[in-house]
Amino acid sequence: MSELRLLALYPEQMNIYADRGNVLFLQHRCEWRGIGFAYSAAGMGEGFDPAEHDLVYIGGGQDRDQRMVAADLIATKRDALEAAVAGGVPGLAVCGGYQLLGTSYELGEERIEGLGIAPLHTVREPGPRLIGNVSIEVDLGSGRRVLAGFENHGGRTYIDAGGQPLGRVIHGFGNNGGDGLEGIVRENLIGTYLHGPLLPKNAWLADELIARAIERREGERPALEPLDDELEDAAHADAERAAERG
Amino acid sequence: MTGGSASPLFAAKVGVARAVGRLSRRSGRGGGTTLPGRVLLRMAPDAISRLGGRLTGPRTVLSATNGKTTTAGMLASALQAAGREPVHNRAGSNMAWGVATALLDGHGEEGLFEVDEAWLPRVVGEIDPTLLVLGNLFRDQLDRYGELERLADDWAEMIAVREGRTGFVLNADDPLIADLGRDRDLRRREGVTFFGIEDPAQAVPELQHAFDAKHCRRCGAPYAYERAFVGHLGHYTCPSCGAGRPAPDVFATGIELRGIEGSAFQVHTPAGRLEIELPLPGLYNVYNALAAVAAAGRLGVGEQEIRSGLHSVRAAFGRVETIPVGDRSLSILLIKNPAGANEVLRTLRLEAERGGAPLDLWLALNDGIADGRDVSWIWDADFELLADSVDRVHCTGTRAAEMALRLKYAGWPLQRLEVVEGIGEALDDALAASSGRLFALPTYTALIELRTLLTRRGLAAEFWR
């Protein structure tokens with residue numbers, strides 16, 4: 001029997017946009033297929049062994065929590081995370097967690113150092129927070145797909161040289177509301193502003209992450225058993241329509 | 001009365017806005033609980049302070065994420081028992097225009113206003129309240145309010161400049177609220193009454209997922225919780241700087257929860273002990289009652305009047321209202337954020353246990369501006385609590401599919417879950433499938449739609465009365 005070992009980073013601090021919905025979604029979709037699901041968490045001051053996890057998740061947090069987490073990530077987890085990503089372990093970083101992947105986050109005078117494991121940086125520019133329903137077009141190697149969700153961020157993120165965006169904005173703001181790009185991809189690591197939570201609104205991405213996690217561990221891409229996704233598909237269609245309406 | 005508020009020009013503007021209100025009510029298209037105030041504020045942006053200045057008696061302002069309308073209703077009921085009829089935005093329209101509309105419509109010397117969390121600092125600046133009642137802060141509509149910490153910072157600034165001019169009634173059990181009652185040196189501010197729950201038997205076995213105050217407001221260290229009652233409301237201390245829960249002046253003991261029917265408990269006040277029978281369910285309403293008792297005490301209402309006021313309080317619009325529909329009954333419980341929804345779910349589970357039968361439910365999830373366009377919050381609420389307690393479930397609203405999806409992943413039986421488009425059709429289906437009592441859980445704009453539908457069918461009174 002296959003098994004997926006999920007590692008959640010800072011679930012107590014980085015959970016502002018119902019991030020547990022993403023974890024819950026992965027858990028059920030594994031269990032319904034007879035794939036074992038093991039959950040573990042690494043919080044403040046705790047390191048982890050990259051060889052013991054198949055999928056890494058980090059969500060969004062309030063400014064104060066994000067500041068604390070940024071310093072702790074660098075001190076206790078950067079090397080393990082870099083090793084995991086370089087080794088092809090899939091990861092999903094949402095909103096604040098996405099910003100922390102980059103080199104820095106500038107808030108006026110203040111500069112928060114990021115992990116620097118993805119080529120991007122974030123700045124707080126004048127102007128309102130970027131809030132609303134959003135849809136993007138992505139191609140993760142199996143053709144064009146749509147991700148739909150909700151975004152709510154003050155920071156504007158820019159991809160640096162050599163970086164590959166997750167997708168192009170169809171409706172909404174994306175990374176910075178200007179260049180039409182959204183998110184980032186490095187190996188099997190995905191960073192994005194889309195919450196909502198993201199995976200329940202986009203079951204296909206949840207299954208893609210599960211398949212990649214098992215493929216990396218077992219060396220062969222599994223054929224995931226199809227599930228009855230009537231509600232999942234309807235929720236995705238509603239989220240897409242909401243983004244269209246603006 | 002100031003010369004300004006009596007100026008002929010201002011009086012004319014007031015007259016126009018009142019006429020708009022009469023027309024809007026006569027047209028029957030809406031309650032007229034916001035439009036007259038909107039019109040007036042557009043013509044005279046300082047109207048709230050001018051009209052508020054005419055209130056010569058106590059001016060009470062009340063805010064919280066959850067329980068504003070209910071707490072204000074309890075306090076109004078106690079004041080009414082004492083023969084006092086405050087000017088009050090009783091329909092729950094609680095942004096600036098709702099307050100302005102109440103001031104236009106009301107007559108009297110005393111004011112009682114519930115105010116939206118984000119509008120609070122501004123409205124407080126204009127009303128110049130004599131008493132400020134603050135109940136709780138939970139994560140809610142992040143797309144509209146922004147981060148909780150920032151809201152708490154805004155409130156802290158507001159309180160600091162009002163010390164000495166305004167009395168405060170504050171929840172000791174919510175660290176985000178309690179901390180407002182102390183200055184930088186942890187000295188208790190002048191004129192503060194703290195309230196809280198002192199009944200360890202009511203603590204939840206484990207901290208809930210939607211937990212919004214993990215870190216000390218002062219030093220950032222994690223709070224140590226001895227127990228929690230509702231979300232992050234409970235008994236806590238900061239092991240690092242010592243800013244713990246202040247001892248409450250008004251507190252509840254011996255709480256007995258009676259499912260959807262309500263609760264009974266004792267309230268201890270500096271003046272003595274009251275036996276309270278409350279016809280509204282759940283621990284969250286015990287908190288609302290404590291805020292109302294503490295505020296009523298500060299406003300000079302006697303014990304007997306407080307007791308009878310709470311005993312006879314009616315559910316606020318859509319907060320546990322029960323309406324007969326043919327040979328069925330419909331109980332409406334508003335859900336709008338994780339903490340509030342969790343308390344509704346806890347109450348329903350208790351109700352299923354007491355009745356020994358699973359419940360029929362109707363859930364309506366909308367994503368209008370007043371609901372929060374971001375429906376993420378349903379994934380933070382603990383719908384898992386009811387997985388074993390439901391029979392037939394109908395989901396509707398603009399985001400019905402995602403509601404049903406949440407329930408599926410909370411372990412609710414998929415074969416009993418239905419998604420029905422259209423609030424009216426979904427309600428008819430749910431009533432037809434129910435075995436007697438149907439519990440309706442709408443978000444705010446879905447509640448308005450439901451209420452309009454029931455009014456049209458002659459089943460419910462118009463809410464703006």
# chains A, B, ... in the order shown; residues from 1 in each chain; ligands from 1

call {"tool": "closest_atom_pairs", "arguments": {"of": "chain A", "to": "chain B", "cutoff": "7 Å", "atoms": "only C-alpha atoms", "output": "CSV"}}
result
residue,atom,partner,partner_atom,distance
A:Tyr17,CA,B:Ser376,CA,6.2
A:Ala18,CA,B:Asp380,CA,5.0
A:Gly21,CA,B:Trp379,CA,5.2
A:Phe25,CA,B:Tyr409,CA,6.9
A:Gln62,CA,B:Glu147,CA,6.5
A:Ile131,CA,B:Asp143,CA,6.4
A:Phe150,CA,B:Asp374,CA,6.5
A:Asn152,CA,B:Asp143,CA,6.6
A:Gly196,CA,B:Ser376,CA,4.5
A:Pro197,CA,B:Ser376,CA,5.8
A:Leu231,CA,B:Leu405,CA,5.8
A:Glu232,CA,B:Leu405,CA,6.5
A:Ala234,CA,B:Ala401,CA,5.8
A:Ala235,CA,B:Glu402,CA,4.9
A:Asp238,CA,B:Arg399,CA,6.7

call {"tool": "write_last_selection", "arguments": {"atoms": "N, CA and C atoms", "output": "compact mmCIF listing (two decimals), in the first residue's frame"}}
result
# COMPACT_ATOMS: atom_id res chain seq x y z
N TYR A 17 -6.14 31.58 6.32
CA TYR A 17 -7.20 31.43 5.32
C TYR A 17 -7.69 29.99 5.24
N ALA A 18 -7.99 29.43 6.42
CA ALA A 18 -8.57 28.09 6.46
C ALA A 18 -7.66 27.07 5.79
N GLY A 21 -8.21 23.31 5.42
CA GLY A 21 -9.04 22.74 4.36
C GLY A 21 -8.20 22.03 3.32
N PHE A 25 -8.42 17.98 2.72
CA PHE A 25 -8.78 17.54 1.37
C PHE A 25 -7.81 16.46 0.89
N GLN A 62 -0.99 36.03 9.86
CA GLN A 62 -1.05 37.48 10.09
C GLN A 62 0.37 38.03 10.10
N ILE A 131 -7.50 42.10 -3.32
CA ILE A 131 -8.49 41.21 -2.72
C ILE A 131 -9.54 40.83 -3.75
N PHE A 150 -9.32 32.50 -4.14
CA PHE A 150 -9.51 33.84 -3.63
C PHE A 150 -8.14 34.36 -3.21
N ASN A 152 -5.94 37.64 -1.21
CA ASN A 152 -6.06 38.75 -0.27
C ASN A 152 -4.66 39.05 0.25
N GLY A 196 -8.56 29.81 -0.26
CA GLY A 196 -9.99 29.70 -0.47
C GLY A 196 -10.72 28.52 0.13
N PRO A 197 -10.09 27.50 0.66
CA PRO A 197 -8.73 27.03 0.38
C PRO A 197 -8.62 26.53 -1.06
N LEU A 231 -19.43 17.05 -6.62
CA LEU A 231 -19.44 18.28 -5.82
C LEU A 231 -18.15 19.08 -6.03
N GLU A 232 -17.03 18.35 -6.14
CA GLU A 232 -15.75 19.01 -6.36
C GLU A 232 -15.79 19.81 -7.66
N ALA A 234 -18.45 20.91 -9.24
CA ALA A 234 -19.41 22.02 -9.13
C ALA A 234 -18.79 23.18 -8.35
N ALA A 235 -18.05 22.86 -7.29
CA ALA A 235 -17.41 23.92 -6.49
C ALA A 235 -16.36 24.65 -7.33
N ASP A 238 -18.16 26.96 -9.73
CA ASP A 238 -18.65 28.16 -9.02
C ASP A 238 -17.52 29.15 -8.76

call {"tool": "select_by_dssp", "arguments": {"residues": "region 353-442 of chain B", "states": "alpha helix (DSSP H)", "output": "list of chain:residue names"}}
result
B:Glu353, B:Arg354, B:Gly355, B:Ala400, B:Ala401, B:Glu402, B:Met403, B:Ala404, B:Leu405, B:Arg406, B:Leu407, B:Lys408, B:Tyr409, B:Ile423, B:Gly424, B:Glu425, B:Ala426, B:Leu427, B:Asp428, B:Asp429, B:Ala430, B:Leu431, B:Ala432, B:Ala433

call {"tool": "closest_residue", "arguments": {"among": "B:Leu151, B:Leu280, B:Val344, B:Leu334", "to": "Ala364 (chain B)", "atoms": "only C-alpha atoms"}}
result
B:Leu334

call {"tool": "residues_around", "arguments": {"residues": "Pro129 (chain B)", "least_positions_apart": "2", "cutoff": "7 Å", "atoms": "only C-alpha atoms", "output": "count of residues only"}}
result
8

call {"tool": "closest_residue", "arguments": {"among": "B:Ala264, B:Leu104, B:Leu431, B:Leu79", "to": "Asp327 (chain B)", "atoms": "only C-alpha atoms"}}
result
B:Leu431

call {"tool": "residues_around", "arguments": {"residues": "region 42-51 of chain A", "least_positions_apart": "3", "cutoff": "6 Å", "atoms": "only C-alpha atoms", "output": "mmCIF file with C-alpha atoms, in the first residue's frame"}}
result
data_model
loop_
_atom_site.group_PDB
_atom_site.id
_atom_site.type_symbol
_atom_site.label_atom_id
_atom_site.label_comp_id
_atom_site.auth_asym_id
_atom_site.auth_seq_id
_atom_site.Cartn_x
_atom_site.Cartn_y
_atom_site.Cartn_z
ATOM 1 C CA LEU A 9 4.959 23.872 8.606
ATOM 2 C CA TYR A 10 3.773 26.143 11.427
ATOM 3 C CA THR A 76 15.698 25.932 11.864
ATOM 4 C CA LYS A 77 14.338 24.726 8.521
ATOM 5 C CA ALA A 80 16.043 20.811 5.161
ATOM 6 C CA ALA A 84 13.580 18.528 0.018
#

call {"tool": "residues_around", "arguments": {"residues": "Pro128 (chain A)", "least_positions_apart": "2", "cutoff": "8 Å", "atoms": "only C-alpha atoms", "output": "list in words"}}
result
Pro126, Leu130 and Gly154 of chain A

call {"tool": "atom_distance", "arguments": {"atom1": "CA of Met68 (chain A)", "atom2": "CA of Ala41 (chain A)"}}
result
16.8 Å

call {"tool": "atom_distance", "arguments": {"atom1": "CA of Arg227 (chain B)", "atom2": "CA of Asp173 (chain B)"}}
result
10.2 Å

call {"tool": "atom_distance", "arguments": {"atom1": "CA of Leu35 (chain B)", "atom2": "CA of Ala17 (chain B)"}}
result
8.3 Å

call {"tool": "residues_around", "arguments": {"residues": "Cys30 (chain A)", "least_positions_apart": "2", "cutoff": "12 Å", "atoms": "only C-alpha atoms", "output": "number ranges by chain"}}
result
A: 1-6, 23-28, 32-39, 206-211, 213-214, 224-227

call {"tool": "select_by_dssp", "arguments": {"residues": "region 74-194 of chain A", "states": "strand (DSSP E)", "output": "ChimeraX atom specification"}}
result
/A:91-94,104-107,110-113,120-123,130-139,144-153,156-159,167-171,181-182,184-186,189-192

call {"tool": "write_last_selection", "arguments": {"atoms": "N, CA and C atoms", "output": "compact mmCIF listing (two decimals), in the first residue's frame"}}
result
# COMPACT_ATOMS: atom_id res chain seq x y z
N GLY A 91 5.77 20.45 -2.85
CA GLY A 91 5.41 21.37 -1.78
C GLY A 91 4.36 22.33 -2.26
N LEU A 92 3.54 22.81 -1.32
CA LEU A 92 2.56 23.83 -1.65
C LEU A 92 2.67 24.93 -0.61
N ALA A 93 2.96 26.15 -1.07
CA ALA A 93 3.09 27.30 -0.18
C ALA A 93 2.06 28.33 -0.61
N VAL A 94 1.19 28.74 0.35
CA VAL A 94 0.07 29.60 0.00
C VAL A 94 0.21 30.95 0.70
N SER A 104 13.12 38.19 -0.03
CA SER A 104 12.83 39.21 0.97
C SER A 104 11.41 39.74 0.82
N TYR A 105 10.95 40.38 1.89
CA TYR A 105 9.66 41.06 1.88
C TYR A 105 9.90 42.43 2.49
N GLU A 106 9.76 43.46 1.66
CA GLU A 106 10.00 44.81 2.15
C GLU A 106 8.70 45.50 2.52
N LEU A 107 8.63 45.92 3.78
CA LEU A 107 7.46 46.65 4.28
C LEU A 107 7.94 48.05 4.61
N GLU A 110 11.14 48.48 6.68
CA GLU A 110 11.52 47.18 7.23
C GLU A 110 11.73 46.15 6.13
N ARG A 111 12.74 45.30 6.30
CA ARG A 111 12.98 44.25 5.32
C ARG A 111 13.03 42.92 6.06
N ILE A 112 12.07 42.05 5.72
CA ILE A 112 12.05 40.71 6.31
C ILE A 112 12.79 39.78 5.37
N GLU A 113 13.81 39.10 5.89
CA GLU A 113 14.54 38.14 5.07
C GLU A 113 13.68 36.92 4.82
N LEU A 120 12.12 35.00 -6.16
CA LEU A 120 11.09 36.03 -6.14
C LEU A 120 11.32 36.93 -4.94
N HIS A 121 10.75 38.13 -5.01
CA HIS A 121 10.78 39.03 -3.86
C HIS A 121 9.47 39.78 -3.79
N THR A 122 9.16 40.27 -2.60
CA THR A 122 7.86 40.88 -2.36
C THR A 122 8.05 42.25 -1.75
N VAL A 123 7.26 43.21 -2.21
CA VAL A 123 7.33 44.57 -1.65
C VAL A 123 5.92 45.06 -1.33
N LEU A 130 -4.72 43.64 -2.54
CA LEU A 130 -5.28 42.98 -3.72
C LEU A 130 -6.20 41.86 -3.23
N ILE A 131 -7.50 42.10 -3.32
CA ILE A 131 -8.49 41.21 -2.72
C ILE A 131 -9.54 40.83 -3.75
N GLY A 132 -9.85 39.56 -3.85
CA GLY A 132 -10.97 39.16 -4.70
C GLY A 132 -10.85 37.74 -5.24
N ASN A 133 -11.89 37.34 -5.92
CA ASN A 133 -11.87 36.04 -6.58
C ASN A 133 -10.87 36.10 -7.73
N VAL A 134 -10.22 34.98 -7.99
CA VAL A 134 -9.15 34.98 -8.99
C VAL A 134 -9.12 33.63 -9.71
N SER A 135 -8.84 33.66 -11.01
CA SER A 135 -8.60 32.41 -11.74
C SER A 135 -7.35 32.58 -12.57
N ILE A 136 -6.60 31.49 -12.70
CA ILE A 136 -5.37 31.52 -13.48
C ILE A 136 -5.30 30.30 -14.39
N GLU A 137 -4.52 30.46 -15.45
CA GLU A 137 -4.32 29.38 -16.41
C GLU A 137 -2.95 28.79 -16.13
N VAL A 138 -2.88 27.47 -15.96
CA VAL A 138 -1.58 26.86 -15.67
C VAL A 138 -1.36 25.65 -16.58
N ASP A 139 -0.10 25.31 -16.76
CA ASP A 139 0.22 24.06 -17.46
C ASP A 139 1.36 23.40 -16.69
N ARG A 144 -3.31 22.53 -20.56
CA ARG A 144 -3.84 23.72 -19.91
C ARG A 144 -4.92 23.36 -18.90
N ARG A 145 -4.79 23.87 -17.68
CA ARG A 145 -5.81 23.70 -16.65
C ARG A 145 -6.05 25.06 -16.01
N VAL A 146 -7.17 25.14 -15.28
CA VAL A 146 -7.50 26.38 -14.59
C VAL A 146 -7.47 26.14 -13.08
N LEU A 147 -6.88 27.09 -12.36
CA LEU A 147 -6.98 27.11 -10.90
C LEU A 147 -7.84 28.32 -10.52
N ALA A 148 -8.78 28.11 -9.61
CA ALA A 148 -9.64 29.21 -9.17
C ALA A 148 -9.59 29.29 -7.65
N GLY A 149 -9.64 30.52 -7.15
CA GLY A 149 -9.58 30.68 -5.69
C GLY A 149 -9.85 32.11 -5.30
N PHE A 150 -9.32 32.50 -4.14
CA PHE A 150 -9.51 33.84 -3.63
C PHE A 150 -8.14 34.36 -3.21
N GLU A 151 -7.89 35.64 -3.46
CA GLU A 151 -6.60 36.21 -3.05
C GLU A 151 -6.85 37.42 -2.14
N ASN A 152 -5.94 37.64 -1.21
CA ASN A 152 -6.06 38.75 -0.27
C ASN A 152 -4.66 39.05 0.25
N HIS A 153 -3.96 39.96 -0.43
CA HIS A 153 -2.58 40.23 -0.03
C HIS A 153 -2.22 41.70 -0.22
N ARG A 156 3.17 42.91 -3.04
CA ARG A 156 3.26 42.65 -4.47
C ARG A 156 4.51 41.82 -4.69
N THR A 157 4.34 40.70 -5.38
CA THR A 157 5.44 39.77 -5.57
C THR A 157 5.94 39.83 -7.01
N TYR A 158 7.26 39.85 -7.15
CA TYR A 158 7.87 39.88 -8.48
C TYR A 158 8.81 38.69 -8.62
N ILE A 159 8.72 38.03 -9.78
CA ILE A 159 9.58 36.88 -10.04
C ILE A 159 10.91 37.39 -10.59
N GLY A 167 1.37 30.36 -13.23
CA GLY A 167 0.40 30.53 -14.31
C GLY A 167 0.20 31.98 -14.69
N ARG A 168 -0.75 32.18 -15.61
CA ARG A 168 -1.12 33.52 -16.07
C ARG A 168 -2.51 33.84 -15.57
N VAL A 169 -2.69 35.09 -15.15
CA VAL A 169 -3.97 35.51 -14.60
C VAL A 169 -5.04 35.58 -15.69
N ILE A 170 -6.17 34.94 -15.43
CA ILE A 170 -7.34 35.11 -16.31
C ILE A 170 -8.21 36.24 -15.75
N HIS A 171 -8.61 36.10 -14.49
CA HIS A 171 -9.36 37.15 -13.79
C HIS A 171 -8.73 37.35 -12.42
N LEU A 181 1.20 37.70 -14.08
CA LEU A 181 1.71 36.40 -13.64
C LEU A 181 1.18 36.06 -12.25
N GLU A 182 1.13 34.75 -11.99
CA GLU A 182 0.69 34.31 -10.66
C GLU A 182 1.55 33.15 -10.21
N ILE A 184 4.58 30.72 -8.38
CA ILE A 184 5.91 30.29 -8.82
C ILE A 184 5.98 28.77 -8.80
N VAL A 185 6.85 28.23 -9.66
CA VAL A 185 7.11 26.79 -9.64
C VAL A 185 8.61 26.58 -9.63
N ARG A 186 9.07 25.75 -8.72
CA ARG A 186 10.47 25.29 -8.79
C ARG A 186 10.46 23.79 -8.50
N LEU A 189 7.83 22.18 -6.25
CA LEU A 189 7.33 23.15 -5.28
C LEU A 189 6.47 24.19 -5.99
N ILE A 190 5.29 24.42 -5.43
CA ILE A 190 4.38 25.42 -5.99
C ILE A 190 4.11 26.49 -4.94
N GLY A 191 4.26 27.75 -5.33
CA GLY A 191 3.87 28.85 -4.45
C GLY A 191 2.77 29.64 -5.12
N THR A 192 1.78 30.10 -4.36
CA THR A 192 0.66 30.81 -4.96
C THR A 192 -0.06 31.69 -3.94

call {"tool": "residues_around", "arguments": {"residues": "Ser435 (chain B)", "least_positions_apart": "4", "cutoff": "9 Å", "atoms": "only C-alpha atoms", "output": "count of residues only"}}
result
4

call {"tool": "closest_residue", "arguments": {"among": "B:Ser77, B:Ser63, B:Ser93, B:Ser49", "to": "Val133 (chain B)", "atoms": "only C-alpha atoms"}}
result
B:Ser63
